[in-house]
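Have a look at entry.txt; it's compact mmCIF, C-alpha atoms:
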```txt
# COMPACT_ATOMS: atom_id res chain seq x y z
CA MET A 718 5.03 1.61 -20.90
CA LYS A 719 5.04 5.14 -22.33
CA HIS A 720 5.32 7.82 -19.69
CA PHE A 721 5.15 11.57 -19.82
CA ILE A 722 8.47 13.40 -19.94
CA LEU A 723 9.10 14.93 -16.54
CA PRO A 724 11.16 18.02 -15.81
CA LEU A 725 14.33 17.25 -13.88
CA ILE A 726 13.66 19.95 -11.28
CA PHE A 727 10.66 21.89 -10.20
CA CYS A 728 10.81 25.38 -11.65
CA ALA A 729 8.85 27.33 -9.04
CA SER A 730 11.04 30.05 -7.55
CA SER A 731 12.18 29.47 -3.98
CA PHE A 732 10.58 32.72 -2.88
CA ALA A 733 7.21 31.86 -4.44
CA ALA A 734 7.27 28.35 -2.96
CA ASP A 735 8.25 29.58 0.50
CA THR A 736 5.45 32.15 0.42
CA ARG A 737 2.93 29.53 -0.62
CA ASP A 738 4.18 27.11 2.05
CA ALA A 739 3.57 29.75 4.72
CA VAL A 740 0.04 30.37 3.46
CA PHE A 741 -0.65 26.65 3.34
CA GLN A 742 0.76 26.02 6.83
CA LYS A 743 -1.49 28.65 8.37
CA SER A 744 -4.53 26.99 6.78
CA ILE A 745 -3.37 23.52 7.83
CA ASP A 746 -3.06 24.64 11.45
CA GLU A 747 -6.60 26.01 11.28
CA MET A 748 -7.91 22.81 9.65
CA PHE A 749 -6.11 20.43 12.00
CA PRO A 750 -8.79 19.96 14.70
CA ARG A 751 -11.34 19.05 12.04
CA LEU A 752 -8.90 16.68 10.35
CA VAL A 753 -8.33 14.90 13.67
CA GLU A 754 -12.10 14.49 14.02
CA ILE A 755 -12.28 12.97 10.54
CA ARG A 756 -9.40 10.61 11.22
CA ARG A 757 -10.93 9.41 14.48
CA ASP A 758 -14.36 8.97 12.91
CA ILE A 759 -12.88 6.77 10.18
CA HIS A 760 -10.76 4.89 12.71
CA MET A 761 -13.77 4.14 14.90
CA HIS A 762 -15.73 2.78 11.94
CA PRO A 763 -13.28 0.62 9.96
CA GLU A 764 -14.53 -1.37 6.97
CA LEU A 765 -12.95 -4.33 5.24
CA SER A 766 -11.99 -4.51 1.57
CA ASN A 767 -14.93 -3.98 -0.80
CA GLU A 768 -17.15 -3.10 2.17
CA GLU A 769 -16.19 0.61 2.45
CA VAL A 770 -19.75 1.91 2.20
CA ARG A 771 -19.67 4.31 5.15
CA THR A 772 -16.13 5.53 4.43
CA SER A 773 -16.95 6.18 0.80
CA LYS A 774 -20.01 8.20 1.76
CA LEU A 775 -18.00 10.18 4.31
CA VAL A 776 -15.46 11.06 1.62
CA ALA A 777 -18.04 12.03 -1.00
CA ASP A 778 -20.05 14.09 1.50
CA ARG A 779 -16.97 15.93 2.67
CA LEU A 780 -15.91 16.72 -0.89
CA LYS A 781 -19.36 18.13 -1.59
CA GLU A 782 -19.07 20.31 1.53
CA LEU A 783 -15.79 21.63 0.12
CA GLY A 784 -17.51 22.66 -3.09
CA PHE A 785 -16.39 19.82 -5.35
CA THR A 786 -18.87 19.26 -8.17
CA ASP A 787 -16.95 16.77 -10.30
CA ILE A 788 -17.29 13.70 -8.06
CA ARG A 789 -17.65 10.13 -9.28
CA THR A 790 -18.71 7.47 -6.78
CA GLY A 791 -19.07 3.69 -7.04
CA VAL A 792 -15.74 3.29 -8.84
CA ALA A 793 -14.42 -0.25 -8.32
CA LYS A 794 -17.44 -0.80 -6.04
CA HIS A 795 -16.83 1.87 -3.39
CA GLY A 796 -14.10 4.12 -4.78
CA VAL A 797 -14.44 7.87 -5.19
CA VAL A 798 -12.78 9.99 -7.89
CA ALA A 799 -12.95 13.78 -7.61
CA MET A 800 -11.46 16.62 -9.66
CA LEU A 801 -10.27 19.99 -8.41
CA LYS A 802 -9.57 22.63 -11.03
CA GLY A 803 -7.17 25.39 -10.11
CA ALA A 804 -7.57 29.04 -11.01
CA GLN A 805 -5.11 28.59 -13.86
CA ASP A 806 -5.16 26.09 -16.68
CA GLY A 807 -2.47 23.47 -16.65
CA PRO A 808 -1.71 19.76 -16.46
CA CYS A 809 -3.33 17.25 -14.13
CA VAL A 810 -1.73 15.37 -11.26
CA ALA A 811 -3.29 12.61 -9.14
CA VAL A 812 -3.32 11.93 -5.40
CA ARG A 813 -4.26 8.46 -4.18
CA ALA A 814 -5.55 7.37 -0.75
CA ASP A 815 -6.71 3.83 0.13
CA MET A 816 -9.67 3.41 2.47
CA ASP A 817 -10.01 -0.18 3.71
CA ALA A 818 -9.15 -1.72 7.08
CA LEU A 819 -7.95 -5.13 8.29
CA PRO A 820 -9.53 -8.11 10.09
CA ILE A 821 -7.61 -7.41 13.31
CA ARG A 822 -8.96 -6.84 16.83
CA GLU A 823 -7.63 -3.55 18.17
CA LEU A 824 -5.90 -3.75 21.57
CA ARG A 825 -5.09 -0.09 22.21
CA SER A 826 -7.37 1.62 24.73
CA VAL A 827 -7.90 4.98 23.06
CA PRO A 828 -11.02 7.17 22.78
CA TYR A 829 -11.19 6.47 19.05
CA ARG A 830 -10.85 2.69 19.36
CA SER A 831 -12.60 0.63 16.68
CA GLN A 832 -16.30 0.09 17.26
CA ASN A 833 -16.42 -2.67 14.69
CA PRO A 834 -15.35 -5.87 16.52
CA GLY A 835 -12.51 -7.69 14.83
CA VAL A 836 -11.86 -4.92 12.30
CA MET A 837 -9.20 -2.24 12.68
CA HIS A 838 -7.33 0.42 10.78
CA ALA A 839 -4.03 -1.28 11.54
CA CYS A 840 -2.28 0.05 8.45
CA GLY A 841 -3.03 3.76 8.66
CA HIS A 842 -5.54 4.05 5.85
CA ASP A 843 -7.63 6.29 8.10
CA VAL A 844 -4.72 8.74 8.03
CA HIS A 845 -4.29 8.31 4.26
CA VAL A 846 -7.90 9.33 3.65
CA THR A 847 -7.64 12.20 6.13
CA CYS A 848 -4.48 13.57 4.49
CA ALA A 849 -6.06 13.42 1.04
CA LEU A 850 -9.19 15.19 2.30
CA GLY A 851 -6.90 17.72 3.95
CA VAL A 852 -5.13 18.38 0.65
CA ALA A 853 -8.52 18.66 -1.08
CA GLU A 854 -9.68 21.23 1.48
CA LEU A 855 -6.41 23.15 1.39
CA LEU A 856 -6.27 23.43 -2.39
CA SER A 857 -9.97 24.25 -2.67
CA LYS A 858 -9.34 27.20 -0.32
CA HIS A 859 -6.35 28.34 -2.36
CA ARG A 860 -7.32 27.57 -5.94
CA ASP A 861 -5.53 30.73 -7.00
CA LEU A 862 -2.24 28.96 -6.21
CA VAL A 863 -3.08 25.81 -8.21
CA LYS A 864 -1.77 25.91 -11.79
CA GLY A 865 -3.70 22.99 -13.22
CA SER A 866 -5.97 20.31 -11.83
CA VAL A 867 -5.73 17.63 -9.15
CA LYS A 868 -7.46 14.26 -9.40
CA PHE A 869 -8.19 12.62 -6.06
CA LEU A 870 -8.37 8.82 -6.06
CA PHE A 871 -10.00 7.37 -2.94
CA GLN A 872 -9.43 3.67 -3.42
CA PRO A 873 -11.16 0.65 -1.91
CA ALA A 874 -9.78 -2.86 -1.38
CA GLU A 875 -6.04 -2.39 -1.14
CA GLU A 876 -5.57 -4.90 1.65
CA ALA A 877 -7.03 -8.06 0.18
CA MET A 878 -9.47 -9.61 -2.22
CA PRO A 879 -12.28 -11.33 -0.27
CA ALA A 880 -12.77 -14.99 -1.14
CA THR A 881 -16.32 -14.26 -2.31
CA PHE A 882 -15.24 -11.52 -4.74
CA LYS A 883 -14.39 -12.56 -8.29
CA GLY A 884 -12.38 -10.58 -10.82
CA ASP A 885 -10.22 -7.49 -10.43
CA TRP A 886 -10.36 -5.29 -7.35
CA GLY A 887 -8.86 -2.20 -5.76
CA ALA A 888 -6.46 -0.08 -7.80
CA LYS A 889 -6.46 -2.49 -10.73
CA LEU A 890 -10.23 -2.25 -11.05
CA MET A 891 -10.17 1.54 -10.65
CA VAL A 892 -7.75 1.76 -13.58
CA ALA A 893 -9.92 -0.63 -15.61
CA GLU A 894 -12.97 1.55 -14.93
CA GLY A 895 -11.22 4.66 -16.22
CA ALA A 896 -10.14 6.39 -13.01
CA MET A 897 -6.87 7.42 -14.66
CA GLU A 898 -8.52 8.84 -17.79
CA ASN A 899 -10.46 11.97 -18.75
CA PRO A 900 -8.15 13.60 -17.90
CA LYS A 901 -5.11 11.40 -17.68
CA PRO A 902 -2.79 12.76 -14.99
CA ALA A 903 0.85 13.45 -15.77
CA ALA A 904 1.93 11.82 -12.49
CA VAL A 905 0.46 10.18 -9.41
CA PHE A 906 1.47 10.55 -5.75
CA GLY A 907 0.61 8.33 -2.82
CA LEU A 908 1.69 8.24 0.82
CA HIS A 909 1.70 5.49 3.42
CA THR A 910 1.96 5.81 7.18
CA THR A 911 5.04 4.06 8.53
CA ALA A 912 6.46 3.65 12.02
CA LEU A 913 9.19 1.01 11.62
CA VAL A 914 11.71 1.34 8.78
CA GLN A 915 15.11 0.22 7.55
CA PRO A 916 17.12 3.27 6.44
CA ALA A 917 19.43 2.79 3.46
CA GLY A 918 22.94 1.80 4.51
CA ILE A 919 21.85 0.37 7.87
CA MET A 920 21.72 -3.42 7.88
CA ASP A 921 21.31 -4.22 11.57
CA ASP A 922 18.18 -5.73 13.12
CA ALA A 923 17.54 -2.90 15.56
CA ALA A 924 14.26 -1.02 15.48
CA HIS A 925 14.43 2.19 13.49
CA TYR A 926 11.51 4.55 13.69
CA LEU A 927 10.22 6.95 11.05
CA LYS A 928 9.01 9.65 13.39
CA SER A 929 6.16 12.06 13.02
CA GLY A 930 7.53 14.97 11.01
CA GLN A 931 9.76 12.76 8.88
CA ILE A 932 9.35 11.42 5.34
CA GLY A 933 10.89 8.28 3.86
CA TYR A 934 11.39 7.35 0.24
CA THR A 935 12.90 4.60 -1.89
CA PRO A 936 14.26 5.30 -5.38
CA GLY A 937 13.21 2.79 -8.03
CA ILE A 938 11.81 -0.44 -6.63
CA ASP A 939 9.89 0.28 -3.44
CA ASN A 940 8.39 -3.07 -2.56
CA ALA A 941 7.72 -6.54 -3.90
CA ASN A 942 5.57 -8.47 -6.31
CA SER A 943 3.05 -9.88 -3.84
CA ASP A 944 1.67 -13.32 -4.75
CA ARG A 945 -0.37 -15.97 -3.00
CA PHE A 946 -0.60 -19.72 -3.44
CA HIS A 947 -2.76 -22.58 -2.22
CA ILE A 948 -1.44 -26.13 -2.30
CA THR A 949 -3.50 -29.28 -1.74
CA ILE A 950 -1.65 -32.55 -1.15
CA HIS A 951 -3.68 -35.73 -1.62
CA GLY A 952 -2.63 -38.92 0.12
CA LYS A 953 -4.49 -42.09 1.14
CA MET A 954 -6.35 -42.56 4.39
CA ALA A 955 -5.43 -45.44 6.70
CA HIS A 956 -5.55 -46.35 10.37
CA GLY A 957 -2.87 -44.66 12.40
CA SER A 958 -1.64 -48.06 13.60
CA SER A 959 -1.01 -49.16 9.99
CA PRO A 960 0.60 -46.18 8.21
CA HIS A 961 2.09 -48.45 5.54
CA LYS A 962 -1.41 -49.06 4.19
CA GLY A 963 -1.91 -45.37 3.40
CA VAL A 964 -0.07 -42.32 2.08
CA ASP A 965 0.47 -39.79 4.85
CA ALA A 966 -0.44 -36.37 3.44
CA ILE A 967 0.87 -34.68 6.59
CA ALA A 968 4.33 -36.25 6.27
CA VAL A 969 4.45 -35.35 2.58
CA ALA A 970 3.36 -31.80 3.33
CA ALA A 971 6.07 -31.45 5.99
CA GLU A 972 8.73 -32.54 3.52
CA ALA A 973 7.33 -30.20 0.88
CA ILE A 974 7.42 -27.23 3.26
CA MET A 975 11.08 -27.80 4.07
CA ALA A 976 11.96 -28.28 0.41
CA LEU A 977 10.19 -25.07 -0.62
CA GLN A 978 12.37 -23.16 1.84
CA MET A 979 15.44 -24.59 0.11
CA ILE A 980 14.57 -22.60 -3.02
CA LYS A 981 15.77 -19.43 -1.34
CA SER A 982 18.75 -20.89 0.49
CA ARG A 983 20.15 -23.21 -2.19
CA GLN A 984 18.47 -22.80 -5.60
CA THR A 985 18.47 -19.08 -6.42
CA ASN A 986 21.00 -16.31 -6.83
CA THR A 987 21.62 -14.86 -3.38
CA ARG A 988 21.47 -11.34 -4.85
CA GLN A 989 17.83 -11.79 -5.83
CA PRO A 990 15.46 -10.92 -2.96
CA LEU A 991 12.94 -13.68 -2.30
CA VAL A 992 10.52 -14.65 0.44
CA ILE A 993 8.48 -17.86 0.45
CA SER A 994 6.27 -18.12 3.53
CA ILE A 995 3.71 -20.76 4.47
CA GLY A 996 1.04 -19.01 6.51
CA THR A 997 -1.64 -21.69 6.89
CA ILE A 998 -1.74 -25.48 7.11
CA SER A 999 -4.72 -27.71 7.76
CA GLY A 1000 -5.46 -31.39 7.41
CA GLY A 1001 -6.41 -34.61 9.12
CA ASP A 1002 -9.55 -35.83 10.86
CA ARG A 1003 -8.43 -37.62 14.05
CA GLU A 1004 -5.28 -38.39 15.97
CA ASN A 1005 -5.36 -42.07 14.96
CA ILE A 1006 -6.12 -41.62 11.26
CA ILE A 1007 -3.51 -41.10 8.54
CA ALA A 1008 -4.50 -37.85 6.85
CA GLU A 1009 -5.84 -38.10 3.32
CA LYS A 1010 -5.50 -34.39 2.52
CA VAL A 1011 -3.48 -31.38 3.67
CA GLU A 1012 -3.92 -27.80 2.49
CA LEU A 1013 -1.18 -25.17 2.61
CA GLY A 1014 -1.49 -21.45 2.02
CA GLY A 1015 1.33 -18.98 1.59
CA THR A 1016 2.89 -16.03 -0.13
CA VAL A 1017 5.82 -15.40 -2.46
CA ARG A 1018 7.56 -12.01 -2.60
CA THR A 1019 10.01 -11.02 -5.34
CA TYR A 1020 11.16 -7.85 -7.09
CA ASP A 1021 11.74 -9.12 -10.62
CA ALA A 1022 8.81 -10.48 -12.67
CA THR A 1023 10.94 -12.91 -14.69
CA PHE A 1024 12.60 -14.21 -11.55
CA ARG A 1025 9.14 -14.71 -10.04
CA ASP A 1026 8.10 -16.92 -12.97
CA GLY A 1027 11.18 -19.06 -12.39
CA ILE A 1028 10.22 -19.49 -8.73
CA ILE A 1029 6.78 -20.78 -9.75
CA GLU A 1030 8.44 -23.37 -11.99
CA GLN A 1031 10.72 -24.47 -9.14
CA MET A 1032 7.77 -24.82 -6.77
CA GLU A 1033 5.96 -27.02 -9.29
CA ARG A 1034 9.05 -29.19 -9.78
CA ILE A 1035 9.55 -29.69 -6.05
CA LEU A 1036 5.92 -30.51 -5.38
CA LYS A 1037 5.74 -32.90 -8.31
CA GLY A 1038 8.90 -34.72 -7.25
CA ILE A 1039 8.09 -35.07 -3.56
CA THR A 1040 4.50 -36.18 -4.02
CA ALA A 1041 5.46 -38.67 -6.74
CA ALA A 1042 8.19 -40.13 -4.54
CA HIS A 1043 5.63 -40.93 -1.83
CA GLY A 1044 2.72 -41.97 -4.01
CA ALA A 1045 0.78 -38.78 -3.36
CA THR A 1046 -0.54 -36.10 -5.72
CA TYR A 1047 -0.86 -32.34 -5.49
CA GLU A 1048 -2.63 -29.30 -6.88
CA MET A 1049 -1.30 -25.75 -6.69
CA GLU A 1050 -3.30 -22.60 -7.34
CA TYR A 1051 -0.85 -19.71 -7.76
CA ARG A 1052 -2.29 -16.21 -7.88
CA LYS A 1053 -0.20 -13.25 -8.97
CA THR A 1054 -1.59 -10.24 -7.15
CA TYR A 1055 0.16 -6.87 -6.80
CA PRO A 1056 3.16 -6.05 -8.99
CA SER A 1057 6.10 -4.29 -7.40
CA ILE A 1058 5.92 -0.51 -7.11
CA LEU A 1059 8.48 1.25 -9.29
CA ASN A 1060 9.00 4.81 -8.13
CA ASP A 1061 9.90 7.07 -11.03
CA ARG A 1062 13.42 8.37 -10.39
CA LYS A 1063 12.94 11.67 -12.24
CA LEU A 1064 9.77 12.33 -10.29
CA ILE A 1065 11.58 11.54 -7.04
CA ASP A 1066 14.46 13.87 -7.90
CA ALA A 1067 11.97 16.61 -8.71
CA THR A 1068 9.92 16.07 -5.53
CA LEU A 1069 12.58 15.68 -2.85
CA PRO A 1070 13.36 19.43 -2.77
CA SER A 1071 9.69 20.01 -1.96
CA PHE A 1072 9.83 17.58 0.96
CA ARG A 1073 13.11 19.00 2.24
CA ARG A 1074 11.60 22.47 2.15
CA ILE A 1075 8.66 21.29 4.26
CA VAL A 1076 10.34 19.06 6.89
CA GLY A 1077 14.04 19.87 6.60
CA GLN A 1078 16.95 18.08 4.95
CA LYS A 1079 17.67 15.69 7.83
CA ASN A 1080 14.03 14.57 8.05
CA VAL A 1081 13.86 13.25 4.48
CA ILE A 1082 15.31 9.75 4.74
CA GLU A 1083 16.19 7.25 2.03
CA LEU A 1084 14.99 3.72 2.84
CA ILE A 1085 15.81 0.31 1.43
CA PRO A 1086 13.02 -1.52 -0.45
CA GLY A 1087 10.74 -3.78 1.57
CA MET A 1088 9.06 -7.07 0.71
CA GLY A 1089 5.53 -5.85 1.38
CA GLY A 1090 2.96 -5.52 -1.38
CA GLU A 1091 0.87 -2.52 -2.41
CA ASP A 1092 -1.45 -1.98 -5.37
CA PHE A 1093 -0.45 1.66 -5.88
CA SER A 1094 1.73 -0.09 -8.46
CA TYR A 1095 -1.23 -0.28 -10.87
CA PHE A 1096 -1.54 3.52 -10.92
CA ALA A 1097 2.24 3.86 -11.34
CA GLN A 1098 2.10 1.58 -14.38
CA VAL A 1099 -0.13 4.11 -16.15
CA VAL A 1100 1.86 7.28 -15.38
CA PRO A 1101 5.03 8.08 -13.40
CA GLY A 1102 4.38 7.50 -9.71
CA PHE A 1103 5.97 8.37 -6.37
CA TYR A 1104 4.90 6.40 -3.31
CA PHE A 1105 6.48 7.83 -0.16
CA ARG A 1106 6.38 7.08 3.55
CA LEU A 1107 4.84 9.38 6.13
CA GLY A 1108 6.49 8.98 9.52
CA VAL A 1109 3.97 8.40 12.33
CA ALA A 1110 6.08 7.02 15.20
CA ASN A 1111 6.19 8.76 18.55
CA GLU A 1112 8.13 6.93 21.26
CA GLU A 1113 6.81 9.13 24.08
CA LYS A 1114 3.23 8.24 23.13
CA GLY A 1115 4.05 4.55 22.67
CA MET A 1116 3.34 4.68 18.95
CA THR A 1117 6.16 2.46 17.72
CA TYR A 1118 4.36 -0.67 16.53
CA GLY A 1119 4.53 -1.95 12.98
CA GLY A 1120 1.57 -2.07 10.64
CA HIS A 1121 -0.84 -5.02 10.59
CA THR A 1122 -0.57 -5.43 14.35
CA PRO A 1123 -3.28 -4.86 17.00
CA MET A 1124 -1.30 -2.08 18.72
CA TYR A 1125 -0.57 -0.01 15.61
CA ASP A 1126 -1.40 3.68 15.88
CA CYS A 1127 -0.31 6.98 14.33
CA ASP A 1128 0.77 10.23 15.92
CA GLU A 1129 -1.94 12.58 14.66
CA GLU A 1130 0.58 15.42 14.33
CA SER A 1131 1.79 13.51 11.26
CA ILE A 1132 -1.41 14.55 9.48
CA LYS A 1133 -0.04 18.10 9.28
CA THR A 1134 3.14 16.79 7.66
CA GLY A 1135 1.22 14.60 5.25
CA VAL A 1136 -1.03 17.40 4.05
CA ALA A 1137 1.80 19.95 3.77
CA ALA A 1138 4.18 17.58 1.99
CA MET A 1139 1.59 16.28 -0.46
CA ALA A 1140 0.28 19.78 -1.25
CA ALA A 1141 3.82 21.04 -1.86
CA ALA A 1142 4.64 18.09 -4.11
CA VAL A 1143 1.45 18.55 -6.12
CA CYS A 1144 1.71 22.32 -6.53
CA ASP A 1145 5.44 22.26 -7.32
CA PHE A 1146 4.82 19.59 -9.96
CA LEU A 1147 2.04 21.63 -11.56
CA ASP A 1148 4.17 24.80 -11.44
CA SER A 1149 7.12 23.11 -13.13
CA SER A 1150 5.03 21.23 -15.69
CA LYS A 1151 3.26 24.40 -16.75
CA ALA A 1152 6.54 26.32 -16.93
CA ALA A 1153 8.13 23.53 -19.00
CA ALA A 1154 5.20 23.65 -21.45
CA GLN A 1155 5.46 27.39 -22.00
```
Serialized structure, structure tokens:
Amino acid sequence: MKHFILPLIFCASSFAADTRDAVFQKSIDEMFPRLVEIRRDIHMHPELSNEEVRTSKLVADRLKELGFTDIRTGVAKHGVVAMLKGAQDGPCVAVRADMDALPIRELRSVPYRSQNPGVMHACGHDVHVTCALGVAELLSKHRDLVKGSVKFLFQPAEEAMPATFKGDWGAKLMVAEGAMENPKPAAVFGLHTTALVQPAGIMDDAAHYLKSGQIGYTPGIDNANSDRFHITIHGKMAHGSSPHKGVDAIAVAAEAIMALQMIKSRQTNTRQPLVISIGTISGGDRENIIAEKVELGGTVRTYDATFRDGIIEQMERILKGITAAHGATYEMEYRKTYPSILNDRKLIDATLPSFRRIVGQKNVIELIPGMGGEDFSYFAQVVPGFYFRLGVANEEKGMTYGGHTPMYDCDEESIKTGVAAMAAAVCDFLDSSKAAAQ
């Protein structure tokens, strides 16, 4: 993949950057009450993947209020792409924010609790959208300090592809529909709210919090290839009192599950990260009937694409051998979904000084890669990308729960950090890119 050549360091003078930071911070403090209102509005009205109708309209309407005229809606169903042109000509850089929520029932009793039963912003996408809108408002107020243009990518459907939706979705579909073209950005930034982390060099199992006011990052590989599979094991029905007359699909499935776990523990290089998890199992009709069919659903997480292909082959071999040994058959549908995010190391090296300037040296923390999946990777395959973590934990407020849980919440003070850090990264990048081109 051909990428733009990035400068090793941002070239903006320290004095100029510090002056701009002070101007930006004053505006952010003034904007903050309105940003909290936006975040809570989005949180109270969460929408699942490919259903982000209200959220998309809120984003587009707010951008229009800010004076944006170059707004494209309906991208990848409900995505929004908007362009901000600075007072000076220069390169383009992109900022991405995902908008969808999760099928989780919120348990926190807060004034902004979800009003959509069974749906919740349990992954912080409400904050992602708010931070991006905050950056859009900030830079629109200070276009004279923007040396180029900023493309805002408000993305639908990061969390999951609904069973009824066919074809590409989310970031992949946005790229396919030209969101990264005309103009093509030189780099793309994205942030993700995070409460629980594993700092680099710390291998214990204790809880480590990324607190509000802190930023985390991972050089190179950030997270995993995120795949899903569905296995159907076919046996032969018989009366429970005469199991020898049938083929017990449940017993075969149990053996298959245990054997699939052996791939990690006994059949792969221990230095290669791998997770194989069975998340669903269903089968059987009655207690006294030998099950004719069992269905299993699960996920595979890897870092290396070639290694992943080898895992698929091993799964097929195990399933074929076990089912044949018992007179059963199987089918496996394996779906490769999100590729692993690869953070561009030169872009990271160039951006970290911006973050350290905003939150302080000790509050910029290197993390080890996780096994989660994220489709920001599709944007980062087009141009160099940097996906960083925005700390949102606050122990005093009880905001220490991990994402995708019914108690997850974000310290709203983190919105200030998110807007300031993203704006600094964007403006420093544009400053340095323009200086390098001169």
Nearest residue to Lys868 in chain A out of A:Leu765, A:Ala904, A:Met800, A:Met837, using all atoms listed in the file?
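When distances to Lys868 in chain A are compared using all atoms listed in the file, the smallest one comes from A:Met800.
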Distance query Glu876 in chain A at most 9 Å, only C-alpha atoms, self and fewer than 5 positions along chain excluded, as a list in words:
Leu765, Ser766, Asp815, Asp817, Ala818, Leu819, Gly887, Glu1091 and Asp1092 of chain A
Which is closest to Asn1080 in chain A among A:Gln931, A:Thr1068, A:Thr911, A:Ser1131, if we use all atoms listed in the file?
A:Gln931
Please provide the set of residues having any atom within 12 Å of Cys840 in chain A, restricted to all atoms listed in the file, with same-chain residues fewer than 6 positions apart removed, written as a ChimeraX atom specification.
/A:760,763,765,815-821,823,846,875-876,908-913,1091,1107,1109,1118-1127
Shell around Ile1132 in chain A at 12 Å using all atoms listed in the file, local window under 5 positions removed, as a PyMOL selection string:
chain A and resi 742+745-746+748-757+841-852+908-910+929-932+1107-1109+1127+1137-1139
